[in-house]
Structures are given as C-alpha cells and as structure tokens.
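Trainee: entry_32.txt (compact mmCIF, C-alpha atoms and all ligand atoms) pasted underneath:
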# COMPACT_ATOMS: atom_id res chain seq x y z
CA MET A 23 8.82 17.54 28.31
CA SER A 24 7.46 16.90 31.82
CA ASP A 25 4.79 14.34 32.58
CA PRO A 26 1.38 15.58 33.71
CA GLN A 27 0.66 15.14 37.40
CA PRO A 28 -1.65 12.25 38.27
CA THR A 29 -5.18 13.12 39.34
CA THR A 30 -5.85 11.90 42.89
CA GLY A 31 -7.37 8.43 42.84
CA ALA A 32 -6.92 7.91 39.10
CA PRO A 33 -4.06 5.85 37.72
CA GLY A 34 -1.12 8.15 37.07
CA PRO A 35 1.63 8.15 34.48
CA ALA A 36 3.95 5.96 36.54
CA ASP A 37 1.21 3.31 37.03
CA LEU A 38 0.18 3.36 33.41
CA ALA A 39 3.72 3.38 32.09
CA SER A 40 4.66 0.40 34.22
CA ARG A 41 1.43 -1.41 33.29
CA ALA A 42 2.29 -0.79 29.63
CA GLU A 43 5.74 -2.23 30.16
CA ALA A 44 4.32 -5.36 31.81
CA LEU A 45 1.69 -5.77 29.09
CA ASP A 46 4.33 -5.48 26.38
CA ALA A 47 6.56 -7.99 28.17
CA ALA A 48 3.69 -10.51 28.31
CA ASP A 49 2.57 -9.88 24.71
CA GLU A 50 3.26 -12.86 22.49
CA LEU A 51 2.82 -10.76 19.36
CA ALA A 52 5.35 -8.13 20.46
CA LYS A 53 8.16 -9.89 18.57
CA LEU A 54 6.32 -9.31 15.28
CA ARG A 55 7.33 -5.66 15.36
CA ALA A 56 10.75 -6.82 14.13
CA ARG A 57 9.06 -7.79 10.86
CA PHE A 58 8.49 -4.05 10.17
CA THR A 59 10.70 -1.06 9.59
CA LEU A 60 9.50 1.84 11.71
CA PRO A 61 11.39 5.03 12.47
CA ASP A 62 12.74 5.33 16.01
CA GLY A 63 10.85 7.60 18.34
CA VAL A 64 7.60 7.51 16.40
CA VAL A 65 4.33 6.08 17.67
CA TYR A 66 2.52 4.98 14.54
CA LEU A 67 -1.24 4.84 14.95
CA ASP A 68 -2.20 5.34 11.33
CA GLY A 69 -1.98 1.77 10.08
CA ASN A 70 -5.71 2.01 9.38
CA SER A 71 -4.77 4.44 6.61
CA LEU A 72 -1.31 3.31 5.46
CA GLY A 73 0.25 0.26 7.08
CA ALA A 74 3.94 0.33 8.06
CA LEU A 75 6.68 -1.03 5.82
CA PRO A 76 7.26 -4.78 6.24
CA ALA A 77 10.99 -5.40 6.47
CA ALA A 78 10.95 -7.94 3.63
CA VAL A 79 9.51 -5.55 1.06
CA PRO A 80 12.53 -3.43 0.01
CA ASP A 81 14.71 -6.42 -0.97
CA THR A 82 11.87 -8.15 -2.78
CA THR A 83 10.99 -5.00 -4.63
CA ALA A 84 14.62 -4.45 -5.59
CA ASP A 85 14.80 -8.02 -6.93
CA VAL A 86 11.58 -7.60 -8.90
CA VAL A 87 12.91 -4.45 -10.49
CA ARG A 88 16.57 -5.34 -11.05
CA ARG A 89 16.46 -9.05 -11.83
CA GLN A 90 12.92 -9.98 -12.79
CA TRP A 91 12.34 -6.92 -14.91
CA GLY A 92 15.90 -5.75 -15.63
CA GLU A 93 17.40 -9.11 -16.55
CA LEU A 94 14.62 -11.55 -17.32
CA LEU A 95 12.58 -8.92 -19.10
CA ILE A 96 9.41 -10.25 -20.64
CA ARG A 97 10.28 -13.84 -19.69
CA SER A 98 9.24 -12.94 -16.13
CA TRP A 99 5.58 -13.17 -17.03
CA ASP A 100 6.17 -16.94 -16.94
CA GLU A 101 9.51 -17.49 -15.25
CA SER A 102 8.82 -15.17 -12.32
CA ASN A 103 5.14 -16.15 -12.28
CA TRP A 104 3.96 -12.62 -12.88
CA TRP A 105 0.94 -13.69 -14.88
CA THR A 106 -0.68 -15.68 -12.10
CA ALA A 107 0.14 -13.18 -9.34
CA PRO A 108 -3.45 -11.84 -8.91
CA GLU A 109 -4.93 -15.22 -8.02
CA ARG A 110 -1.82 -16.49 -6.21
CA ILE A 111 -1.72 -13.46 -3.93
CA GLY A 112 -5.50 -13.69 -3.58
CA ASP A 113 -5.02 -17.18 -2.18
CA LYS A 114 -2.31 -15.94 0.15
CA LEU A 115 -4.60 -13.24 1.50
CA ALA A 116 -7.71 -15.44 1.63
CA PRO A 117 -7.12 -17.03 5.07
CA LEU A 118 -6.97 -13.54 6.60
CA VAL A 119 -10.58 -12.96 5.54
CA GLY A 120 -11.75 -16.52 6.13
CA ALA A 121 -11.94 -17.58 2.49
CA ALA A 122 -10.97 -20.96 1.04
CA PRO A 123 -8.65 -20.84 -1.99
CA GLY A 124 -9.90 -19.82 -5.42
CA GLN A 125 -12.27 -17.07 -4.33
CA VAL A 126 -10.08 -13.98 -3.96
CA VAL A 127 -8.38 -12.12 -6.76
CA VAL A 128 -6.05 -9.17 -6.23
CA GLY A 129 -5.85 -6.14 -8.50
CA ASP A 130 -7.22 -2.68 -9.23
CA SER A 131 -8.38 -0.31 -6.48
CA THR A 132 -11.13 -0.93 -3.96
CA SER A 133 -13.30 1.53 -5.86
CA VAL A 134 -12.94 -0.45 -9.09
CA ASN A 135 -13.56 -3.76 -7.37
CA LEU A 136 -16.61 -2.29 -5.72
CA PHE A 137 -17.96 -1.39 -9.12
CA LYS A 138 -17.43 -4.94 -10.35
CA ALA A 139 -19.00 -6.36 -7.20
CA LEU A 140 -22.06 -4.10 -7.17
CA VAL A 141 -22.95 -4.52 -10.82
CA GLY A 142 -22.11 -8.22 -10.54
CA ALA A 143 -24.37 -8.45 -7.46
CA ALA A 144 -27.25 -6.75 -9.25
CA ARG A 145 -26.88 -9.27 -12.08
CA LEU A 146 -26.89 -12.16 -9.58
CA ALA A 147 -29.94 -10.91 -7.66
CA PRO A 148 -33.41 -12.37 -8.31
CA PRO A 149 -35.08 -10.54 -11.21
CA GLY A 150 -37.62 -7.83 -10.63
CA ARG A 151 -36.13 -6.37 -7.47
CA THR A 152 -35.62 -2.63 -7.30
CA GLN A 153 -33.48 -1.65 -4.33
CA MET A 154 -29.80 -1.38 -3.53
CA LEU A 155 -29.40 -0.83 0.21
CA VAL A 156 -26.29 1.22 0.94
CA ASP A 157 -24.65 2.01 4.27
CA ALA A 158 -25.72 5.62 4.87
CA ASN A 159 -22.42 6.42 6.62
CA THR A 160 -20.25 4.75 4.05
CA PHE A 161 -16.83 5.84 2.94
CA PRO A 162 -17.65 8.27 0.13
CA THR A 163 -16.28 6.28 -2.80
CA ASP A 164 -18.68 3.42 -2.01
CA GLY A 165 -21.61 5.78 -2.13
CA TYR A 166 -20.53 7.38 -5.40
CA ILE A 167 -19.97 4.04 -7.07
CA ALA A 168 -23.15 2.54 -5.69
CA ALA A 169 -25.12 5.42 -7.19
CA SER A 170 -23.61 4.79 -10.61
CA ALA A 171 -23.92 0.99 -10.38
CA ALA A 172 -27.56 1.35 -9.34
CA ARG A 173 -28.28 3.69 -12.25
CA MET A 174 -26.68 1.27 -14.68
CA THR A 175 -28.61 -1.74 -13.38
CA GLY A 176 -31.97 -0.04 -12.92
CA LEU A 177 -31.90 -0.15 -9.12
CA ARG A 178 -32.70 2.59 -6.64
CA VAL A 179 -30.22 3.38 -3.85
CA VAL A 180 -31.79 3.28 -0.39
CA PRO A 181 -29.45 4.65 2.29
CA VAL A 182 -29.63 2.65 5.53
CA ASP A 183 -28.04 2.88 8.92
CA PRO A 184 -26.25 -0.49 9.19
CA ALA A 185 -27.67 -0.92 12.69
CA ALA A 186 -31.17 -0.89 11.15
CA ALA A 187 -30.31 -2.53 7.84
CA ALA A 188 -31.82 -5.91 8.68
CA GLN A 189 -35.26 -4.34 9.19
CA ALA A 190 -34.93 -2.46 5.90
CA MET A 191 -34.34 -5.63 3.89
CA GLY A 192 -37.26 -7.17 2.09
CA GLU A 193 -38.54 -8.88 -1.02
CA ASP A 194 -37.59 -5.82 -3.04
CA THR A 195 -33.95 -5.77 -1.95
CA ALA A 196 -31.58 -6.82 -4.70
CA VAL A 197 -28.20 -5.81 -3.23
CA VAL A 198 -26.93 -4.80 0.19
CA LEU A 199 -23.65 -2.85 0.46
CA LEU A 200 -22.20 -2.44 3.94
CA ASN A 201 -18.89 -1.58 5.56
CA HIS A 202 -17.64 -4.09 8.07
CA VAL A 203 -16.03 -1.32 10.15
CA ASP A 204 -17.05 2.32 9.82
CA TYR A 205 -13.97 4.31 8.73
CA ARG A 206 -14.83 7.36 10.79
CA THR A 207 -16.13 5.97 14.09
CA GLY A 208 -14.47 2.55 14.13
CA ARG A 209 -17.87 0.89 14.73
CA LEU A 210 -17.87 -2.81 13.85
CA HIS A 211 -21.04 -3.99 12.17
CA ASP A 212 -22.53 -7.41 12.66
CA LEU A 213 -21.47 -9.14 9.46
CA PRO A 214 -22.82 -12.58 10.38
CA ALA A 215 -26.29 -11.34 11.36
CA LEU A 216 -26.63 -8.83 8.52
CA THR A 217 -25.48 -11.38 5.96
CA ARG A 218 -27.98 -13.89 7.36
CA ALA A 219 -30.76 -11.31 7.12
CA ALA A 220 -29.89 -10.50 3.52
CA ARG A 221 -29.77 -14.14 2.55
CA ALA A 222 -33.14 -14.72 4.19
CA VAL A 223 -34.72 -12.31 1.72
CA GLY A 224 -32.64 -13.54 -1.22
CA ALA A 225 -30.54 -10.35 -1.52
CA ILE A 226 -26.87 -10.37 -2.52
CA THR A 227 -24.41 -8.94 0.01
CA VAL A 228 -21.35 -6.88 -0.81
CA TRP A 229 -19.08 -6.14 2.15
CA ASP A 230 -16.35 -3.51 2.22
CA LEU A 231 -13.59 -4.94 4.40
CA CYS A 232 -11.10 -2.07 4.15
CA HIS A 233 -11.12 -1.43 7.90
CA SER A 234 -11.48 -4.98 9.16
CA ALA A 235 -9.27 -7.28 7.07
CA GLY A 236 -6.04 -7.87 8.98
CA ALA A 237 -7.46 -6.44 12.18
CA LEU A 238 -10.13 -8.95 13.14
CA PRO A 239 -11.66 -12.22 11.97
CA VAL A 240 -13.99 -11.74 9.01
CA GLY A 241 -15.19 -15.27 8.23
CA LEU A 242 -16.44 -14.68 4.67
CA ASP A 243 -17.06 -18.36 3.92
CA ALA A 244 -18.35 -19.24 7.38
CA HIS A 245 -20.96 -16.49 7.29
CA GLY A 246 -22.10 -17.03 3.71
CA VAL A 247 -21.03 -13.65 2.32
CA ASP A 248 -21.65 -13.36 -1.42
CA LEU A 249 -19.14 -10.74 -2.55
CA ALA A 250 -16.58 -8.58 -0.77
CA VAL A 251 -13.89 -6.05 -1.54
CA GLY A 252 -11.10 -4.46 0.43
CA CYS A 253 -7.83 -2.63 0.20
CA THR A 254 -4.42 -4.00 1.17
CA TYR A 255 -2.62 -0.81 2.14
CA LYS A 256 -4.10 -0.51 5.64
CA TYR A 257 -3.90 -3.46 8.06
CA LEU A 258 -2.38 -5.69 5.37
CA ASN A 259 0.60 -3.34 4.93
CA GLY A 260 0.84 -3.69 1.15
CA GLY A 261 2.17 -0.16 0.61
CA PRO A 262 0.81 3.06 -0.85
CA GLY A 263 -1.74 2.31 -3.54
CA SER A 264 -1.19 -1.45 -3.30
CA PRO A 265 -3.81 -3.44 -5.22
CA ALA A 266 -7.17 -4.20 -3.68
CA TYR A 267 -9.06 -7.50 -3.81
CA LEU A 268 -12.37 -8.96 -4.82
CA TYR A 269 -13.96 -12.00 -3.16
CA ILE A 270 -16.47 -13.98 -5.22
CA ALA A 271 -18.00 -16.83 -3.23
CA GLY A 272 -17.51 -20.14 -5.00
CA ARG A 273 -21.24 -20.74 -5.40
CA HIS A 274 -21.59 -17.53 -7.46
CA GLN A 275 -18.53 -17.82 -9.65
CA ASP A 276 -20.10 -19.43 -12.67
CA ALA A 277 -22.85 -16.82 -12.78
CA PHE A 278 -20.73 -13.78 -11.84
CA ASP A 279 -20.95 -11.44 -14.80
CA SER A 280 -18.31 -8.72 -14.46
CA PRO A 281 -19.14 -5.29 -15.87
CA LEU A 282 -15.42 -4.97 -16.70
CA PRO A 283 -14.71 -8.05 -18.80
CA GLY A 284 -11.10 -7.28 -19.65
CA TRP A 285 -8.80 -9.67 -21.43
CA ASN A 286 -7.10 -10.78 -18.20
CA GLY A 287 -10.39 -12.25 -17.04
CA HIS A 288 -10.85 -14.22 -20.26
CA ALA A 289 -10.75 -18.01 -20.19
CA ASP A 290 -8.01 -18.00 -22.83
CA PRO A 291 -6.50 -14.52 -22.94
CA PHE A 292 -3.77 -15.31 -25.45
CA ALA A 293 -6.19 -16.80 -27.95
CA MET A 294 -6.99 -13.14 -28.66
CA THR A 295 -10.51 -13.97 -29.72
CA SER A 296 -13.02 -11.24 -30.40
CA GLY A 297 -15.70 -12.76 -28.16
CA TYR A 298 -15.51 -12.79 -24.38
CA THR A 299 -15.57 -16.09 -22.50
CA PRO A 300 -15.01 -15.56 -18.77
CA ALA A 301 -12.35 -17.57 -16.99
CA ALA A 302 -13.50 -20.06 -14.39
CA GLY A 303 -13.37 -19.00 -10.75
CA ALA A 304 -12.39 -15.69 -9.20
CA VAL A 305 -10.00 -15.09 -12.09
CA ARG A 306 -12.96 -13.67 -14.00
CA GLY A 307 -12.69 -10.72 -11.62
CA ARG A 308 -9.43 -9.70 -13.29
CA VAL A 309 -9.51 -6.87 -15.83
CA GLY A 310 -6.25 -5.68 -17.39
CA THR A 311 -2.52 -6.20 -16.99
CA PRO A 312 -1.69 -6.44 -13.29
CA ASP A 313 0.39 -3.81 -11.54
CA ILE A 314 3.30 -6.18 -10.92
CA LEU A 315 5.55 -3.89 -8.88
CA SER A 316 2.85 -3.13 -6.32
CA MET A 317 1.48 -6.61 -6.44
CA LEU A 318 4.76 -8.33 -5.66
CA ALA A 319 5.46 -5.82 -2.90
CA LEU A 320 2.13 -6.89 -1.42
CA GLU A 321 3.05 -10.54 -1.76
CA ALA A 322 6.21 -9.95 0.27
CA ALA A 323 4.27 -7.82 2.77
CA LEU A 324 1.90 -10.70 3.47
CA ASP A 325 4.86 -12.76 4.73
CA ALA A 326 4.59 -10.65 7.88
CA TRP A 327 1.53 -12.82 8.68
CA ASP A 328 3.43 -16.12 8.70
CA GLY A 329 2.33 -18.09 11.74
CA VAL A 330 0.07 -15.30 13.03
CA SER A 331 -3.55 -16.00 13.93
CA VAL A 332 -6.14 -13.32 13.24
CA GLU A 333 -7.83 -14.30 16.51
CA ALA A 334 -4.67 -13.44 18.46
CA VAL A 335 -4.45 -10.15 16.57
CA ARG A 336 -8.06 -9.37 17.51
CA ALA A 337 -7.45 -10.15 21.19
CA LYS A 338 -4.46 -7.81 21.25
CA SER A 339 -6.32 -5.12 19.32
CA LEU A 340 -9.09 -5.08 21.92
CA ALA A 341 -6.59 -5.03 24.78
CA LEU A 342 -4.70 -2.15 23.13
CA THR A 343 -7.78 -0.07 22.47
CA ASP A 344 -9.11 -0.72 26.00
CA PHE A 345 -5.78 0.36 27.43
CA PHE A 346 -5.61 3.44 25.23
CA LEU A 347 -9.08 4.51 26.38
CA GLU A 348 -8.03 4.01 29.99
CA CYS A 349 -4.92 6.13 29.45
CA VAL A 350 -6.95 8.84 27.69
CA ALA A 351 -9.36 8.94 30.65
CA ALA A 352 -6.43 9.29 33.03
CA TYR A 353 -4.37 11.85 31.10
CA VAL A 354 -6.77 14.06 29.17
CA PRO A 355 -8.73 16.64 31.19
CA GLN A 356 -12.37 15.68 31.42
CA GLY A 357 -14.66 16.92 28.70
CA ARG A 358 -11.93 17.69 26.16
CA VAL A 359 -12.38 14.55 24.07
CA ARG A 360 -15.25 12.12 23.58
CA SER A 361 -14.84 8.65 22.15
CA VAL A 362 -17.18 8.03 19.24
CA THR A 363 -15.99 4.43 18.98
CA PRO A 364 -18.29 1.97 20.73
CA ALA A 365 -17.04 0.84 24.13
CA GLU A 366 -18.48 -2.67 23.66
CA HIS A 367 -15.98 -5.05 22.11
CA ALA A 368 -18.66 -6.57 19.90
CA HIS A 369 -19.06 -3.21 18.16
CA ARG A 370 -15.46 -2.01 18.05
CA GLY A 371 -13.03 -2.29 15.17
CA SER A 372 -9.31 -1.71 15.67
CA GLN A 373 -9.32 2.04 16.02
CA ILE A 374 -10.36 4.64 18.54
CA SER A 375 -11.90 7.85 17.23
CA LEU A 376 -12.02 10.79 19.58
CA SER A 377 -14.13 13.80 18.78
CA THR A 378 -12.79 17.15 19.95
CA ASP A 379 -12.71 20.85 19.13
CA ASN A 380 -9.99 21.90 16.71
CA ALA A 381 -9.28 18.27 15.84
CA ARG A 382 -7.23 19.17 12.77
CA GLU A 383 -4.86 21.37 14.81
CA VAL A 384 -4.69 18.86 17.67
CA MET A 385 -3.67 16.08 15.28
CA ALA A 386 -1.05 18.31 13.65
CA GLU A 387 0.39 18.98 17.11
CA LEU A 388 0.36 15.28 18.00
CA ILE A 389 2.21 14.46 14.80
CA SER A 390 4.79 17.15 15.49
CA ARG A 391 5.38 15.40 18.84
CA GLY A 392 5.93 12.02 17.18
CA VAL A 393 2.47 10.47 17.57
CA ILE A 394 1.02 9.81 14.14
CA GLY A 395 -2.71 9.34 13.84
CA ASP A 396 -5.00 11.17 11.47
CA PHE A 397 -7.85 13.64 11.27
CA ARG A 398 -11.23 13.03 9.68
CA ALA A 399 -13.67 15.87 9.10
CA PRO A 400 -15.32 17.43 10.88
CA ASP A 401 -13.94 16.78 14.36
CA VAL A 402 -12.40 13.33 14.66
CA LEU A 403 -8.94 12.27 15.80
CA ARG A 404 -8.41 8.73 14.53
CA PHE A 405 -5.99 6.31 16.16
CA GLY A 406 -5.55 2.97 14.43
CA PHE A 407 -4.06 0.08 16.37
CA THR A 408 -2.21 -2.48 14.27
CA PRO A 409 -1.34 -5.29 16.68
CA LEU A 410 1.52 -6.57 14.51
CA TYR A 411 3.64 -3.53 15.33
CA VAL A 412 1.88 -1.37 17.93
CA GLY A 413 2.52 -2.00 21.61
CA PHE A 414 1.02 -0.92 24.91
CA ALA A 415 3.81 1.61 25.55
CA ASP A 416 2.84 3.25 22.25
CA ALA A 417 -0.76 3.53 23.44
CA GLU A 418 0.35 5.03 26.74
CA ARG A 419 2.67 7.55 25.09
CA ALA A 420 0.02 8.59 22.59
CA ALA A 421 -2.53 9.27 25.35
CA ARG A 422 0.06 11.03 27.51
CA THR A 423 1.07 13.28 24.61
CA LEU A 424 -2.59 14.08 23.98
CA GLY A 425 -2.90 14.95 27.67
CA HIS A 426 0.06 17.33 27.37
CA ILE A 427 -1.56 19.10 24.45
CA PHE A 428 -4.73 19.69 26.44
CA GLY A 429 -2.88 20.27 29.74
C1 LIG B 501 -13.94 1.86 3.64
C2 LIG B 501 -13.19 2.28 2.40
N1 LIG B 501 -13.68 1.94 1.20
C3 LIG B 501 -13.05 2.30 0.07
C4 LIG B 501 -11.89 3.04 0.11
C5 LIG B 501 -11.26 3.50 -1.19
O1 LIG B 501 -10.31 2.63 -1.64
P1 LIG B 501 -9.50 2.86 -3.00
O2 LIG B 501 -8.84 4.17 -2.88
O3 LIG B 501 -8.56 1.68 -2.99
O4 LIG B 501 -10.45 2.80 -4.13
C6 LIG B 501 -11.33 3.38 1.34
C7 LIG B 501 -10.07 4.14 1.40
O5 LIG B 501 -9.57 4.53 2.42
C8 LIG B 501 -12.01 3.00 2.52
O6 LIG B 501 -11.54 3.34 3.71
Show this structure as structure tokens.
Mentor:
Amino acid sequence: MSDPQPTTGAPGPADLASRAEALDAADELAKLRARFTLPDGVVYLDGNSLGALPAAVPDTTADVVRRQWGELLIRSWDESNWWTAPERIGDKLAPLVGAAPGQVVVGDSTSVNLFKALVGAARLAPPGRTQMLVDANTFPTDGYIAASAARMTGLRVVPVDPAAAAQAMGEDTAVVLLNHVDYRTGRLHDLPALTRAARAVGAITVWDLCHSAGALPVGLDAHGVDLAVGCTYKYLNGGPGSPAYLYIAGRHQDAFDSPLPGWNGHADPFAMTSGYTPAAGAVRGRVGTPDILSMLALEAALDAWDGVSVEAVRAKSLALTDFFLECVAAYVPQGRVRSVTPAEHAHRGSQISLSTDNAREVMAELISRGVIGDFRAPDVLRFGFTPLYVGFADAERAARTLGHIFG
C-alpha cells in the first residue's frame, strides 16, 4: 500500500508520521497500553462502543469460574465476597465519575438503571410538577424508557435540545434527563451549568454518562448531580454486556424509592420477610442476584486505572482528537468528510464523528484495512479515542487509511 502524496504546503505523511512518533514518545500514558491485550496490526478506535480487553481479566475470570465457582461453590457468596460485589465495585468505579464512596452501585444494564433513576427522580421531585425534559437527540433506549417512566409517573415528556435545555426548565419541570456526551456527534454537554439550572428550579437531574465516564472528568458530587447512570463496557473496558451502574447522591438516598424493589435491595434480604424495607445507601438500587461472572471481570478491568488520573486521560484525549482532525485534513481530499464533532474542546467528548456519503461502506473498508471504528446511521463514521490504549501513531494511520480509501 503506497502513501498518498502530500499536498503542497500542507503537512504530509512523513511530517505527520514523525510528529506522531514524537508525540507517542513524550506521552506519559503510552505505557498503559501494556495493561491491555490488543491484536497486532489493528488500530482500535471503537472503545466508545466496546472497550479493549484489559490484560488482567482472563486470569481473574478463569479463577472466578474454576476456583470460586468450581471449588468453593456456594461458599463464594461470602468467602469470595460475591454478595457485596455491586457496592464494592461501585466504590471502585466512583472516583472515575467524581463520586465519594457509598453512592454508586453496579448491576443490571444502563436501560434498567435508567428506569430506576427516572421513576426514582419523579418520586423525588416536588409534587405537582408535570414535565420530564428529555434530550431530544438521546440514545434511543433513554427515550423509550423515559416515555414509559413518564407515563407511569404521570409526567409529560418534553424533548429538548441540550444546548437550550436550561431555558426550557421551569417551575413545572420535575425531571431532566440528559446525555453527558452525545453518542452520535461526540458533543459534550455542559453538565455543571445544566445541573445548576435544574437545581435552581428544583428539578431532579438524571445524567447518562455512557460516553463520558472513563474519558473525561465528570464531577458528579462537585456539580451537585442528583442521579446518574452509565455503562461499563465502553471507556471502562468491562467487557461485552458488563453491568452498568447507578449513582444516587447521598442526600437523596433515604428518600430514593426504586420502582424495582428486588430482594437484593432489601435492608435484610435473608430475613425473607414479605414486606419491603429498602437498604440504606446506594444498595437500595440493587434488584436481583448480581451477574457475578461479568461483575468480577469488570472489577479486574478497573485495575487498569490504578494510578491514572482522569484529568491526564482528558488531556491526552483532546490531543489525540486534535491530531486526528489535523491528519484527516491533510490526508482526506477536501469535501469528502465533514466533522460533526465540535471543534471547541469545551464541547468535545472523546470521539470524532465524520459525516460522509456511503459511510457504512467506507467503515467496512476501513475495518478490512485494520482500522476499527463504527458506523452510525445515517451517515456517520465514528472514531472513539481511548487514551489508555490509543496512541498518536494510531490516529495518524487511521486518517491515512481513510485518505487512501478516498484517494
Ligand atoms: C448513551 C447510551 N445510553 C444507553 C445505552 C444502552 O445501554 P444498555 O444496553 O446497557 O442498556 C447506550 C449503549 O450504547 C448508550 O450509548
């Protein structure tokens, strides 16, 4: 495969390739790639959909299956601390979203946690309010679940563009559901300002952190978020279908009334009483028996974050996405792709979305050439940048390969 010729005046492949090399050499996070198992020759830019495999996971998973399950059998609920895994792993994840201990519980899918959070939020909101404001561009499951939660709690869904959500909030707003980063465009919404605006009118906020947790600082406690949910299989690398999480701010825990009061969220589950008494703290967000195999794989996956600051990850993410955009501008013929991800750092998550004709076919071709991103209807090529294992040479190669396809 030959490199495209540089355009006069613009940085060419040699410049960009050597810049990438220098940037990788100076990158203090570059060594973290060794904490992951990635196939040789592949540029993996789909960690915003399924994170890569942390190297510690296979051995842990084998131990959980062979020894904890195979040998200890049911004793593992106590001896291997299976029973307390949802809140223990919640506490392990909490610093990554800026939460003090005792407020995050892991389990179920994001969709299920969203249901708990939205109905719980409606029950926490001041009485008499009628509206549930919902991000008009939301990931579909959030919209579907919001519609059902609103119907169940007597609220009316009002779709809002997150950029204009603050103006839409008022005395009638009970609940506000927003995505921190838009899954399609990679736009980062202003969580601190929007949370402040919601609190000013007494509304309860629910944030979907699927595309921000593990990629940038979230600051749930610092910004006074009420409730939040997120998945762990993207930037947190928990594995396919790994359990999601629910954040219940400490100040709401006593009043949080889950619409799924399963026995695992009971104050004394083994008393087997017929009446429901919720457990104290975020534990009341639990429902049924935890998915131990996935959960303990996630616990091992989170070790990849040992000693890593989310701020450093954010700085690298912005540098990577800036560099990728520069390489795309240099390699891809003008007019063939258009970035729909905001150029301003304040509004950019950790992905670049390029709109183009025949995006599905272009992504298939990229993947066949070893650059894995993904396609989102109708016309978006998505490239997720996970700073723990993606480097600048990966960004350069991805853009150069895209240039070849259009060349
Ligand atoms: C923003 C967002 N919310 C919710 C979901 C759905 O999560 P789950 O399949 O865990 O319910 C996704 C999945 O990709 C997502 O990107």
Trainee: Would you compute the distance between atom CA of A:Gly73 and atom CA of A:Thr254? Give it in Å to one decimal.
Mentor: 8.7 Å
Trainee: Smallest atom-to-atom distance to A:Leu213: which of A:Val332, A:Ala36, A:Val127, A:Ala368, using all atoms listed in the file?
Mentor: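 Closest residue, counting all atoms listed in the file: A:Ala368.
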Trainee: With 8 Å as the cut-off and only C-alpha atoms counted, what is the closest atom pair between each nearby residue of stretch 224-254 of chain A and stretch 139-151 of chain A? Distances in Å to one decimal, ordered by chain and number, as JSON lines.
Mentor:
{"residue": "A:Gly224", "atom": "CA", "partner": "A:Pro148", "partner_atom": "CA", "distance": 7.2}
{"residue": "A:Ala225", "atom": "CA", "partner": "A:Ala147", "partner_atom": "CA", "distance": 6.2}
{"residue": "A:Ile226", "atom": "CA", "partner": "A:Ala143", "partner_atom": "CA", "distance": 5.9}
{"residue": "A:Thr227", "atom": "CA", "partner": "A:Ala143", "partner_atom": "CA", "distance": 7.5}
{"residue": "A:Val228", "atom": "CA", "partner": "A:Ala139", "partner_atom": "CA", "distance": 6.8}
{"residue": "A:Leu249", "atom": "CA", "partner": "A:Ala139", "partner_atom": "CA", "distance": 6.4}
{"residue": "A:Ala250", "atom": "CA", "partner": "A:Ala139", "partner_atom": "CA", "distance": 7.2}
{"residue": "A:Val251", "atom": "CA", "partner": "A:Ala139", "partner_atom": "CA", "distance": 7.6}
Trainee: Hey, can you check how far atom CA of A:Tyr269 sits from atom CA of A:Arg110?
Mentor: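 Separating atom CA of A:Tyr269 from atom CA of A:Arg110 is a distance of 13.3 Å.
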Trainee: Counting only C-alpha atoms and all ligand atoms, which residues in chain A sit no more than 6 Å from ligand LIG 501 (chain B)? For each one, give the nearest pair of atoms and the distance in Å, sorted by chain then residue number, as CSV.
Mentor:
residue,atom,partner,partner_atom,distance
A:Ser131,CA,B:LIG501,O3,4.0
A:Thr132,CA,B:LIG501,O3,3.8
A:Ser133,CA,B:LIG501,O4,3.6
A:Phe161,CA,B:LIG501,C1,5.0
A:Thr163,CA,B:LIG501,C3,5.9
A:Tyr205,CA,B:LIG501,C1,5.6
A:Cys232,CA,B:LIG501,C1,4.9
A:Cys253,CA,B:LIG501,O3,5.4
Trainee: Which one is closest to A:Gly310: A:Pro61, A:Pro262, A:Gly287, A:Gly297? Count only C-alpha atoms.
Mentor: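 That would be A:Gly287, the residue with the smallest distance to A:Gly310.
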Trainee: To one decimal place in Å, what is the distance between atom CA of A:Leu424 and atom CA of A:Val393?
Mentor: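 Atom CA of A:Val393 lies 8.9 Å from atom CA of A:Leu424.
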Trainee: Name all residues at most 7 Å from stretch 336-344 of chain A (count only C-alpha atoms; drop same-chain ones fewer than 4 positions away) and give them as a list in words.
Mentor: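 Non-adjacent residues within range: Ala237, Leu238, Val332, Glu348, His367, Ser372, Gln373, Ile374, Phe407, Pro409, Phe414 and Ala417 of chain A.
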Trainee: Report as a tab-separated table (two decimals) with C-alpha atoms, keeping the file's coordinate frame all protein, DNA and RNA residues lying within 10 Å of stretch 87-94 of chain A, evaluated on all atoms listed in the file, omitting residues in the same chain fewer than 4 positions from it.
Mentor:
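Dumped to result_28.tsv:
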chain	number	residue	atom	x	y	z
A	81	ASP	CA	14.71	-6.42	-0.97
A	82	THR	CA	11.87	-8.15	-2.78
A	83	THR	CA	10.99	-5.00	-4.63
A	98	SER	CA	9.24	-12.94	-16.13
A	99	TRP	CA	5.58	-13.17	-17.03
A	101	GLU	CA	9.51	-17.49	-15.25
A	102	SER	CA	8.82	-15.17	-12.32
A	103	ASN	CA	5.14	-16.15	-12.28
A	104	TRP	CA	3.96	-12.62	-12.88
A	314	ILE	CA	3.30	-6.18	-10.92
A	315	LEU	CA	5.55	-3.89	-8.88
Trainee: Measuring between all atoms listed in the file, which one of A:Leu403, A:Ala266, A:Val179, A:Ala326 shows the shortest distance to A:Lys53?
Mentor: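 Among the listed residues, A:Ala326 lies closest to A:Lys53.
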